[in-house]
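As stored in entry09.cif (mmCIF, C-alpha atoms):
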```
data_input
#
loop_
_atom_site.label_atom_id
_atom_site.label_comp_id
_atom_site.auth_asym_id
_atom_site.auth_seq_id
_atom_site.Cartn_x
_atom_site.Cartn_y
_atom_site.Cartn_z
CA THR A 1 -14.45 -17.71 3.84
CA ILE A 2 -13.52 -16.05 0.56
CA LEU A 3 -12.26 -18.21 -2.26
CA ALA A 4 -9.15 -16.62 -3.65
CA SER A 5 -8.15 -18.62 -6.70
CA SER A 6 -7.34 -22.03 -8.12
CA TYR A 7 -4.54 -23.08 -10.44
CA GLY A 8 -3.91 -26.76 -9.53
CA ARG A 9 -4.60 -29.17 -12.39
CA GLY A 10 -2.76 -32.39 -11.67
CA LEU A 11 0.70 -33.71 -10.96
CA TYR A 12 3.47 -34.77 -13.35
CA THR A 13 5.36 -37.84 -12.17
CA GLY A 14 7.58 -38.57 -15.17
CA LYS A 15 11.10 -37.32 -15.90
CA PHE A 16 12.37 -34.87 -18.47
CA LYS A 17 12.36 -36.40 -21.96
CA ALA A 18 15.58 -35.86 -23.96
CA ASN A 19 13.79 -35.50 -27.30
CA ASN A 20 11.43 -32.95 -25.78
CA LEU A 21 14.03 -30.90 -23.91
CA THR A 22 15.76 -27.61 -24.60
CA THR A 23 18.53 -26.25 -22.37
CA TRP A 24 19.51 -22.63 -21.91
CA THR A 25 23.06 -21.76 -23.06
CA GLY A 26 22.98 -17.96 -22.98
CA THR A 27 25.44 -17.96 -25.87
CA ILE A 28 24.18 -14.71 -27.35
CA ASP A 29 22.50 -12.67 -24.60
CA ALA A 30 19.77 -12.83 -21.90
CA ASP A 31 16.86 -12.83 -24.37
CA TRP A 32 14.54 -15.81 -23.81
CA THR A 33 13.15 -15.47 -27.35
CA ASN A 34 16.55 -15.71 -29.07
CA ALA A 35 16.88 -19.22 -30.55
CA GLY A 36 20.66 -18.91 -30.41
CA ASN A 37 20.49 -19.12 -26.61
CA TRP A 38 18.98 -22.64 -26.63
CA THR A 39 20.27 -26.14 -27.44
CA ASN A 40 17.02 -27.29 -29.05
CA GLY A 41 15.15 -24.12 -30.00
CA ILE A 42 12.97 -21.66 -28.11
CA PRO A 43 10.73 -23.46 -25.55
CA ALA A 44 7.20 -24.29 -26.72
CA THR A 45 4.11 -25.44 -24.84
CA ASN A 46 5.03 -29.14 -25.03
CA VAL A 47 8.73 -28.71 -24.20
CA ASP A 48 10.68 -29.26 -20.98
CA VAL A 49 13.24 -26.61 -20.07
CA LYS A 50 16.48 -26.69 -18.07
CA ILE A 51 18.37 -23.59 -17.01
CA PRO A 52 21.96 -24.12 -15.79
CA GLU A 53 24.39 -21.47 -14.55
CA THR A 54 25.70 -19.47 -17.53
CA VAL A 55 27.35 -16.11 -18.19
CA ASN A 56 24.07 -14.71 -19.57
CA GLN A 57 21.11 -15.77 -17.46
CA PRO A 58 17.63 -15.65 -19.09
CA GLU A 59 14.95 -12.99 -18.70
CA ILE A 60 11.33 -13.43 -19.76
CA ASN A 61 9.69 -10.32 -21.23
CA THR A 62 6.72 -11.96 -22.92
CA THR A 63 4.12 -14.70 -22.36
CA VAL A 64 5.71 -18.14 -22.06
CA ILE A 65 4.01 -21.54 -21.65
CA LEU A 66 6.03 -24.74 -21.23
CA ASN A 67 5.86 -28.24 -19.77
CA ASN A 68 8.38 -28.70 -16.97
CA LEU A 69 11.00 -26.23 -15.76
CA SER A 70 14.21 -26.95 -13.86
CA ILE A 71 16.41 -24.11 -12.59
CA GLU A 72 19.72 -25.62 -11.54
CA ASN A 73 22.00 -24.69 -8.64
CA LYS A 74 23.48 -21.16 -8.98
CA ALA A 75 21.32 -20.44 -12.04
CA THR A 76 18.89 -17.50 -12.19
CA LEU A 77 15.67 -16.94 -14.13
CA THR A 78 14.14 -13.47 -14.12
CA ILE A 79 10.55 -12.67 -15.12
CA ALA A 80 10.34 -8.99 -16.03
CA ASN A 81 7.34 -6.78 -15.23
CA SER A 82 6.06 -7.47 -18.77
CA GLY A 83 6.61 -11.24 -18.56
CA ALA A 84 4.24 -14.09 -17.73
CA LEU A 85 5.26 -17.74 -17.27
CA THR A 86 2.95 -20.74 -17.08
CA VAL A 87 4.47 -24.12 -16.16
CA GLU A 88 1.85 -26.70 -17.13
CA GLU A 89 3.46 -29.47 -15.10
CA ASP A 90 6.24 -29.09 -12.49
CA LEU A 91 8.73 -26.43 -11.39
CA THR A 92 11.97 -27.52 -9.71
CA ASN A 93 14.02 -24.57 -8.52
CA GLU A 94 17.45 -25.13 -6.97
CA GLY A 95 18.72 -21.69 -7.99
CA ALA A 96 16.96 -18.33 -8.05
CA LEU A 97 13.67 -17.27 -9.64
CA LEU A 98 13.02 -13.51 -9.57
CA ILE A 99 9.79 -11.76 -10.55
CA ASN A 100 9.81 -7.99 -11.03
CA SER A 101 7.11 -5.34 -11.30
CA SER A 102 6.49 -1.66 -11.96
CA LEU A 103 3.74 0.65 -10.75
CA SER A 104 1.55 -0.38 -13.69
CA ASN A 105 2.65 -3.95 -14.53
CA SER A 106 3.78 -7.05 -12.68
CA GLY A 107 5.42 -10.22 -13.87
CA SER A 108 3.58 -13.42 -13.05
CA ILE A 109 4.04 -17.16 -12.75
CA ILE A 110 1.48 -19.99 -12.64
CA VAL A 111 2.52 -23.57 -11.83
CA GLU A 112 -0.19 -26.11 -12.56
CA GLY A 113 1.63 -29.10 -11.04
CA THR A 114 4.08 -29.06 -8.13
CA SER A 115 6.51 -26.29 -7.22
CA THR A 116 9.78 -27.00 -5.42
CA GLY A 117 12.06 -24.28 -4.09
CA THR A 118 11.50 -20.60 -3.38
CA ILE A 119 10.94 -17.52 -5.52
CA THR A 120 11.54 -13.83 -4.89
CA TYR A 121 8.80 -11.41 -5.93
CA ASN A 122 9.79 -7.75 -6.09
CA ARG A 123 6.68 -5.54 -5.82
CA PHE A 124 7.52 -1.99 -6.88
CA VAL A 125 5.65 0.74 -4.97
CA SER A 126 5.85 4.50 -4.64
CA ASP A 127 6.54 6.41 -1.42
CA ASP A 128 2.82 6.47 -0.63
CA TRP A 129 0.71 4.07 1.44
CA HIS A 130 -0.02 0.84 -0.45
CA LEU A 131 -2.29 -2.10 0.40
CA VAL A 132 -0.40 -5.30 -0.43
CA SER A 133 -0.34 -9.00 0.36
CA SER A 134 2.47 -11.51 0.13
CA PRO A 135 2.48 -13.46 -3.18
CA VAL A 136 4.50 -16.25 -1.53
CA ILE A 137 4.24 -18.43 1.55
CA GLY A 138 6.65 -18.09 4.47
CA GLN A 139 8.02 -14.55 4.18
CA ASN A 140 8.80 -13.13 7.60
CA TYR A 141 8.62 -9.42 8.41
CA ASN A 142 10.82 -8.18 11.22
CA ASP A 143 13.46 -5.50 11.82
CA ASN A 144 15.68 -6.93 9.07
CA TRP A 145 12.86 -7.01 6.49
CA VAL A 146 11.80 -3.48 7.47
CA ALA A 147 15.36 -2.19 7.00
CA ALA A 148 15.91 -4.04 3.70
CA ASN A 149 12.66 -2.69 2.28
CA ALA A 150 13.04 0.89 3.55
CA ILE A 151 9.84 0.74 5.61
CA ALA A 152 9.11 4.06 7.31
CA SER A 153 9.03 4.62 11.06
CA GLY A 154 6.46 6.65 12.97
CA THR A 155 7.03 10.38 13.37
CA VAL A 156 5.32 10.56 16.76
CA ASN A 157 6.30 7.10 17.99
CA PRO A 158 9.57 6.06 16.27
CA ASN A 159 9.06 2.46 17.45
CA LEU A 160 6.06 2.08 15.12
CA ARG A 161 6.79 0.72 11.64
CA GLY A 162 4.94 1.50 8.41
CA ILE A 163 3.39 -1.94 8.07
CA ALA A 164 0.05 -2.85 9.65
CA THR A 165 -2.98 -5.13 9.51
CA TYR A 166 -6.57 -3.88 9.65
CA ASN A 167 -8.71 -4.59 12.73
CA ASN A 168 -12.46 -4.32 12.10
CA ASN A 169 -13.21 -4.59 15.81
CA SER A 170 -11.43 -1.31 16.53
CA GLY A 171 -11.82 0.01 13.01
CA GLY A 172 -8.13 0.88 12.97
CA TRP A 173 -4.65 -0.31 12.04
CA GLN A 174 -2.37 -2.51 14.12
CA TYR A 175 1.17 -1.40 13.35
CA MET A 176 4.30 -3.46 13.78
CA LEU A 177 6.52 -2.45 16.67
CA ALA A 178 10.32 -2.48 16.56
CA GLY A 179 11.64 -5.87 17.64
CA GLN A 180 8.53 -7.81 16.58
CA SER A 181 8.71 -10.74 14.19
CA ASN A 182 5.75 -12.08 12.22
CA THR A 183 5.04 -14.07 9.07
CA PHE A 184 2.81 -12.67 6.34
CA ASN A 185 -0.49 -14.54 6.58
CA GLU A 186 -1.88 -16.28 3.49
CA GLY A 187 -4.34 -13.99 1.72
CA GLN A 188 -4.22 -11.22 4.33
CA GLY A 189 -3.80 -7.60 3.27
CA TYR A 190 -1.31 -5.19 4.83
CA THR A 191 -0.83 -1.46 4.58
CA THR A 192 2.79 -0.50 3.92
CA LEU A 193 4.79 2.71 3.57
CA ARG A 194 8.31 3.00 2.15
CA THR A 195 10.48 6.05 2.74
CA SER A 196 11.08 6.24 -1.04
CA SER A 197 9.92 4.49 -4.19
CA GLY A 198 11.31 0.98 -4.51
CA ASN A 199 10.62 -2.72 -4.10
CA LEU A 200 8.85 -4.67 -1.40
CA SER A 201 10.66 -7.99 -1.68
CA PHE A 202 8.96 -11.28 -0.78
CA THR A 203 10.78 -14.64 -0.75
CA GLY A 204 9.00 -17.94 -0.15
CA THR A 205 7.24 -20.87 -1.75
CA LEU A 206 4.50 -20.72 -4.38
CA LEU A 207 0.92 -21.62 -3.58
CA THR A 208 -0.43 -23.97 -6.29
CA GLU A 209 -3.83 -25.02 -4.94
CA ASN A 210 -7.11 -23.53 -3.70
CA THR A 211 -7.05 -21.34 -0.64
CA THR A 212 -9.58 -19.50 1.52
CA GLU A 213 -9.29 -16.47 3.78
CA VAL A 214 -11.60 -16.27 6.78
CA ILE A 215 -13.51 -12.98 6.96
CA THR A 216 -15.29 -11.61 10.01
CA ASN A 217 -18.05 -9.22 11.01
CA GLY A 218 -16.16 -7.02 13.45
CA THR A 219 -17.76 -5.11 16.28
CA ASN A 220 -16.92 -1.81 14.53
CA ASN A 221 -17.57 -2.79 10.90
CA ALA A 222 -17.61 -5.77 8.54
CA PHE A 223 -14.80 -4.66 6.20
CA ASN A 224 -11.95 -7.15 5.70
CA LEU A 225 -8.57 -6.42 4.12
CA VAL A 226 -7.68 -9.41 1.95
CA GLY A 227 -5.21 -9.81 -0.88
CA ASN A 228 -3.95 -12.01 -3.68
CA VAL A 229 -1.75 -14.77 -2.30
CA PHE A 230 -0.68 -15.94 -5.77
CA ALA A 231 2.23 -14.69 -7.86
CA SER A 232 -0.16 -14.07 -10.76
CA TYR A 233 -3.27 -12.04 -11.49
CA ILE A 234 -6.78 -12.97 -10.33
CA PRO A 235 -9.74 -11.72 -12.43
CA LEU A 236 -11.93 -9.65 -10.11
CA ASN A 237 -15.11 -9.12 -12.12
CA ASN A 238 -17.04 -10.14 -15.24
CA GLY A 239 -15.12 -7.67 -17.37
CA ALA A 240 -11.91 -9.51 -16.56
CA ASP A 241 -13.37 -13.04 -16.88
CA ALA A 242 -17.08 -13.70 -17.33
CA VAL A 243 -16.76 -17.36 -16.26
CA HIS A 244 -14.28 -17.35 -13.36
CA ASN A 245 -13.92 -14.20 -11.27
CA PHE A 246 -13.47 -13.29 -7.62
CA LEU A 247 -16.87 -11.68 -7.13
CA ASP A 248 -18.84 -14.60 -8.60
CA ALA A 249 -16.78 -17.11 -6.59
CA ASN A 250 -17.68 -15.26 -3.38
CA VAL A 251 -21.29 -14.29 -4.02
CA ASN A 252 -22.43 -16.12 -0.87
CA ALA A 253 -19.73 -14.63 1.37
CA LEU A 254 -20.17 -10.95 0.56
CA SER A 255 -23.01 -8.72 1.76
CA GLU A 256 -22.44 -6.61 -1.35
CA LEU A 257 -20.75 -7.67 -4.59
CA THR A 258 -18.22 -4.87 -4.36
CA ILE A 259 -14.50 -4.67 -3.65
CA TRP A 260 -12.85 -1.39 -2.65
CA LEU A 261 -9.35 -0.82 -4.00
CA TRP A 262 -7.00 1.84 -2.65
CA ASN A 263 -5.54 4.07 -5.39
CA GLY A 264 -3.15 6.06 -3.21
CA ALA A 265 -5.63 8.80 -2.37
CA SER A 266 -9.06 7.19 -1.93
CA TYR A 267 -10.96 3.91 -2.14
CA VAL A 268 -12.42 3.00 -5.54
CA ALA A 269 -15.44 0.68 -5.69
CA VAL A 270 -15.27 -2.18 -8.21
CA ASN A 271 -18.26 -4.40 -9.02
CA GLN A 272 -19.64 -6.48 -11.88
CA VAL A 273 -20.52 -3.48 -14.06
CA THR A 274 -17.10 -1.88 -13.67
CA THR A 275 -14.62 -2.23 -16.55
CA ASN A 276 -12.27 -5.20 -16.42
CA GLN A 277 -10.27 -5.34 -13.20
CA PHE A 278 -7.60 -7.79 -12.05
CA ILE A 279 -6.10 -8.18 -8.59
#
```

Could you render the structure as structure tokens?
Amino acid sequence: TILASSYGRGLYTGKFKANNLTTWTGTIDADWTNAGNWTNGIPATNVDVKIPETVNQPEINTTVILNNLSIENKATLTIANSGALTVEEDLTNEGALLINSSLSNSGSIIVEGTSTGTITYNRFVSDDWHLVSSPVIGQNYNDNWVAANAIASGTVNPNLRGIATYNNNSGGWQYMLAGQSNTFNEGQGYTTLRTSSGNLSFTGTLLTENTTEVITNGTNNAFNLVGNVFASYIPLNNGADAVHNFLDANVNALSELTIWLWNGASYVAVNQVTTNQFI
């Protein structure tokens, strides 16, 4: 198996503390960093946060670290492509939590305690083939998901859809057929093709503990298409993190300490002497 990542650190069993709590009001605008939008100041690392339904719902465009976070019914928190949120204890989401991305940047969230509720992660891609994995647990892909995400259909066989898994026994792709319904597997990579630039939208629960993805030596080759199952970055090599990185964590599983990333035109090899690389 390949170790993907670990973010779990312990569980928080207490309740929100009134003297350590700030609540979103949205009085001024949607800016998270505007003190006028909060009852008790901008959230800090040791502060609990509640977000109720307001006229102006908050958007995170920077790095934010806080204690506990509660998103109430009908409320919405958006993490922009330049935003990063770390919840050091628990996340309780009864509303909506949206994470956006661009071609070059992606918003991220790390929950170090428990996570309740679902999030929606919008992965922006161009109208080229992309190798992706679901950053949430439980997202289904079927005719409805294909239509909502503008997934292309085959030109020769119109029943084939532009989403497929890799089979190292045949050395080829296994494309979805019209009418099929599957759930994105944890840590598995998929090739996808949209008809135009736009989002691939994934809705499900957050993974907050260690996970492994089984890899195989196929009869055709030993390549495996795996991906990041977390809604945050994973350091791939020493340049990204000299202590904890994907290649070091999987030194015993890989025949070669190299990962090949697809750049839209060709595969690029990344190893421990390559400049810093995150998944």

Please expand the PyMOL selection byres ((chain A and resi 133-137) around 10) into the concrete residues it hits in this file, giving the result as a PyMOL selection string.
chain A and resi 108+118-123+130-132+138-140+183-192+200-207+225-232

Go ahead and dump the residues you just picked, C-alpha atoms, as an mmCIF file, in the coordinates of the input.
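Once written, part_1.cif looks like this:
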```cif
data_model
loop_
_atom_site.group_PDB
_atom_site.id
_atom_site.type_symbol
_atom_site.label_atom_id
_atom_site.label_comp_id
_atom_site.auth_asym_id
_atom_site.auth_seq_id
_atom_site.Cartn_x
_atom_site.Cartn_y
_atom_site.Cartn_z
ATOM 1 C CA SER A 108 3.580 -13.420 -13.050
ATOM 2 C CA THR A 118 11.500 -20.600 -3.380
ATOM 3 C CA ILE A 119 10.940 -17.520 -5.520
ATOM 4 C CA THR A 120 11.540 -13.830 -4.890
ATOM 5 C CA TYR A 121 8.800 -11.410 -5.930
ATOM 6 C CA ASN A 122 9.790 -7.750 -6.090
ATOM 7 C CA ARG A 123 6.680 -5.540 -5.820
ATOM 8 C CA HIS A 130 -0.020 0.840 -0.450
ATOM 9 C CA LEU A 131 -2.290 -2.100 0.400
ATOM 10 C CA VAL A 132 -0.400 -5.300 -0.430
ATOM 11 C CA GLY A 138 6.650 -18.090 4.470
ATOM 12 C CA GLN A 139 8.020 -14.550 4.180
ATOM 13 C CA ASN A 140 8.800 -13.130 7.600
ATOM 14 C CA THR A 183 5.040 -14.070 9.070
ATOM 15 C CA PHE A 184 2.810 -12.670 6.340
ATOM 16 C CA ASN A 185 -0.490 -14.540 6.580
ATOM 17 C CA GLU A 186 -1.880 -16.280 3.490
ATOM 18 C CA GLY A 187 -4.340 -13.990 1.720
ATOM 19 C CA GLN A 188 -4.220 -11.220 4.330
ATOM 20 C CA GLY A 189 -3.800 -7.600 3.270
ATOM 21 C CA TYR A 190 -1.310 -5.190 4.830
ATOM 22 C CA THR A 191 -0.830 -1.460 4.580
ATOM 23 C CA THR A 192 2.790 -0.500 3.920
ATOM 24 C CA LEU A 200 8.850 -4.670 -1.400
ATOM 25 C CA SER A 201 10.660 -7.990 -1.680
ATOM 26 C CA PHE A 202 8.960 -11.280 -0.780
ATOM 27 C CA THR A 203 10.780 -14.640 -0.750
ATOM 28 C CA GLY A 204 9.000 -17.940 -0.150
ATOM 29 C CA THR A 205 7.240 -20.870 -1.750
ATOM 30 C CA LEU A 206 4.500 -20.720 -4.380
ATOM 31 C CA LEU A 207 0.920 -21.620 -3.580
ATOM 32 C CA LEU A 225 -8.570 -6.420 4.120
ATOM 33 C CA VAL A 226 -7.680 -9.410 1.950
ATOM 34 C CA GLY A 227 -5.210 -9.810 -0.880
ATOM 35 C CA ASN A 228 -3.950 -12.010 -3.680
ATOM 36 C CA VAL A 229 -1.750 -14.770 -2.300
ATOM 37 C CA PHE A 230 -0.680 -15.940 -5.770
ATOM 38 C CA ALA A 231 2.230 -14.690 -7.860
ATOM 39 C CA SER A 232 -0.160 -14.070 -10.760
#
```

Which residue out of A:Asn67, A:Thr165, A:Thr22, A:Asn81 has the minimum interatomic distance to Ile51 (chain A) when all atoms listed in the file are used?
A:Thr22

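The two atoms in question, CA of Ile60 (chain A) and CA of Glu209 (chain A), are spaced 24.2 Å apart.
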
Nearest to Met176 (chain A) by atom-to-atom distance, counting all atoms listed in the file, from A:Gln272, A:Asn105, A:Asn142, A:Thr78
A:Asn142

What does the structure give for the distance between CA of Ala75 (chain A) and CA of Pro52 (chain A), in Å to one decimal?
5.3 Å

Which residues come within 7 Å of Val49 (chain A), counting all atoms listed in the file, excluding same-chain residues fewer than 4 positions away, as a ChimeraX atom specification?
/A:21-23,43,68-70

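In this model, the gap between CA of Val268 (chain A) and CA of Ala164 (chain A) comes to 20.5 Å.
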
Distance query region 255-263 of chain A at most 12 Å, only C-alpha atoms, self and fewer than 5 positions along chain excluded, as an MDAnalysis selection string
chainID A and resid 103:104 125:126 128:132 189:191 215:217 222:227 236:238 245:250 268:274 277:279

Determine the residue set returned by the PyMOL selection byres ((chain A and resi 109) around 8) for the present structure, and present it as a PyMOL selection string.
chain A and resi 84-87+107-108+110-111+231-232

I need the residue set behind the PyMOL selection byres ((chain A and resi 45) around 9) for this file; please write it as a JSON list (two decimals) with C-alpha atoms, in the coordinates of the input.
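part.json, written as the output of this step:
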```
[["chain", "number", "residue", "atom", "x", "y", "z"],
["A", 43, "PRO", "CA", 10.73, -23.46, -25.55],
["A", 44, "ALA", "CA", 7.20, -24.29, -26.72],
["A", 46, "ASN", "CA", 5.03, -29.14, -25.03],
["A", 47, "VAL", "CA", 8.73, -28.71, -24.20],
["A", 48, "ASP", "CA", 10.68, -29.26, -20.98],
["A", 64, "VAL", "CA", 5.71, -18.14, -22.06],
["A", 65, "ILE", "CA", 4.01, -21.54, -21.65],
["A", 66, "LEU", "CA", 6.03, -24.74, -21.23],
["A", 67, "ASN", "CA", 5.86, -28.24, -19.77],
["A", 87, "VAL", "CA", 4.47, -24.12, -16.16],
["A", 88, "GLU", "CA", 1.85, -26.70, -17.13]]
```

As a PDB file with C-alpha atoms, in the frame of the given file, please: the residues near Arg161 (chain A) (cut-off 6 Å, only C-alpha atoms, same-chain neighbours under 4 positions excluded).
```
ATOM      1  CA  ALA A 152       9.110   4.060   7.310  1.00  0.00           C
ATOM      2  CA  SER A 153       9.030   4.620  11.060  1.00  0.00           C
ATOM      3  CA  MET A 176       4.300  -3.460  13.780  1.00  0.00           C
ATOM      4  CA  LEU A 177       6.520  -2.450  16.670  1.00  0.00           C
TER       5      LEU A 177
END
```

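Minimum atom-to-atom distance to Ser106 (chain A), evaluated using all atoms listed in the file, belongs to A:Asn61 out of A:Thr155, A:Gln174, A:Asn61, A:Gln180.
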
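Non-sequential neighbours of Glu94 (chain A) (distance at most 6 Å, separation of 2 or more positions within a chain, all atoms listed in the file) are Ile71, Glu72 and Asn73 of chain A.
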
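The shortest atom-to-atom distance to Gly198 (chain A), with only C-alpha atoms taken into account, belongs to A:Phe124 out of A:Trp173, A:Tyr233, A:Phe124, A:Tyr141.
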
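Using only C-alpha atoms, the smallest distance between any of A:Asp90, A:Asp127, A:Glu53, A:Asp241 and Thr195 (chain A) comes from A:Asp127.
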
Which polymer residues have any atom within 9 Å of an atom of Asp29 (chain A), counting all atoms listed in the file, with same-chain residues fewer than 4 positions away left out, as a list in words?
Asn34, Gly36, Asn37, Val55, Asn56, Gln57 and Pro58 of chain A

Just region 145-166 of chain A, please, as a compact mmCIF listing (two decimals), in the first residue's frame (only N, CA and C atoms).
```
# COMPACT_ATOMS: atom_id res chain seq x y z
N TRP A 145 -23.92 13.51 -12.68
CA TRP A 145 -22.64 14.17 -12.39
C TRP A 145 -21.94 14.53 -13.70
N VAL A 146 -21.98 13.64 -14.67
CA VAL A 146 -21.37 13.89 -15.97
C VAL A 146 -21.97 15.13 -16.62
N ALA A 147 -23.31 15.24 -16.59
CA ALA A 147 -23.99 16.39 -17.19
C ALA A 147 -23.67 17.68 -16.45
N ALA A 148 -23.68 17.63 -15.11
CA ALA A 148 -23.44 18.82 -14.30
C ALA A 148 -22.02 19.34 -14.44
N ASN A 149 -21.09 18.44 -14.75
CA ASN A 149 -19.69 18.82 -14.86
C ASN A 149 -19.17 18.86 -16.29
N ALA A 150 -20.10 18.87 -17.25
CA ALA A 150 -19.78 19.02 -18.68
C ALA A 150 -18.72 18.02 -19.14
N ILE A 151 -18.85 16.77 -18.68
CA ILE A 151 -17.91 15.73 -19.11
C ILE A 151 -18.19 15.34 -20.56
N ALA A 152 -17.13 15.24 -21.35
CA ALA A 152 -17.28 14.96 -22.77
C ALA A 152 -17.74 13.53 -23.02
N SER A 153 -18.31 13.32 -24.19
CA SER A 153 -18.70 11.99 -24.66
C SER A 153 -17.80 11.58 -25.81
N GLY A 154 -17.70 10.28 -26.05
CA GLY A 154 -16.84 9.77 -27.11
C GLY A 154 -17.30 10.21 -28.49
N THR A 155 -16.34 10.45 -29.37
CA THR A 155 -16.68 10.82 -30.75
C THR A 155 -17.00 9.60 -31.60
N VAL A 156 -16.34 8.49 -31.33
CA VAL A 156 -16.62 7.25 -32.07
C VAL A 156 -17.77 6.50 -31.42
N ASN A 157 -17.71 6.33 -30.10
CA ASN A 157 -18.78 5.69 -29.34
C ASN A 157 -19.38 6.73 -28.41
N PRO A 158 -20.53 7.31 -28.75
CA PRO A 158 -21.12 8.38 -27.93
C PRO A 158 -21.58 7.92 -26.56
N ASN A 159 -21.60 6.61 -26.30
CA ASN A 159 -21.98 6.09 -24.99
C ASN A 159 -20.81 6.12 -24.00
N LEU A 160 -19.59 6.35 -24.51
CA LEU A 160 -18.43 6.46 -23.62
C LEU A 160 -18.35 7.87 -23.06
N ARG A 161 -17.98 7.99 -21.78
CA ARG A 161 -17.87 9.28 -21.13
C ARG A 161 -16.40 9.58 -20.83
N GLY A 162 -16.06 10.85 -20.80
CA GLY A 162 -14.68 11.28 -20.58
C GLY A 162 -14.24 11.20 -19.14
N ILE A 163 -14.42 10.07 -18.51
CA ILE A 163 -13.93 9.79 -17.17
C ILE A 163 -13.57 8.31 -17.12
N ALA A 164 -12.35 7.99 -16.65
CA ALA A 164 -11.90 6.61 -16.71
C ALA A 164 -10.87 6.33 -15.63
N THR A 165 -10.75 5.06 -15.27
CA THR A 165 -9.69 4.58 -14.38
C THR A 165 -8.63 3.90 -15.24
N TYR A 166 -7.44 3.75 -14.67
CA TYR A 166 -6.35 3.10 -15.40
C TYR A 166 -6.23 1.64 -14.99
```
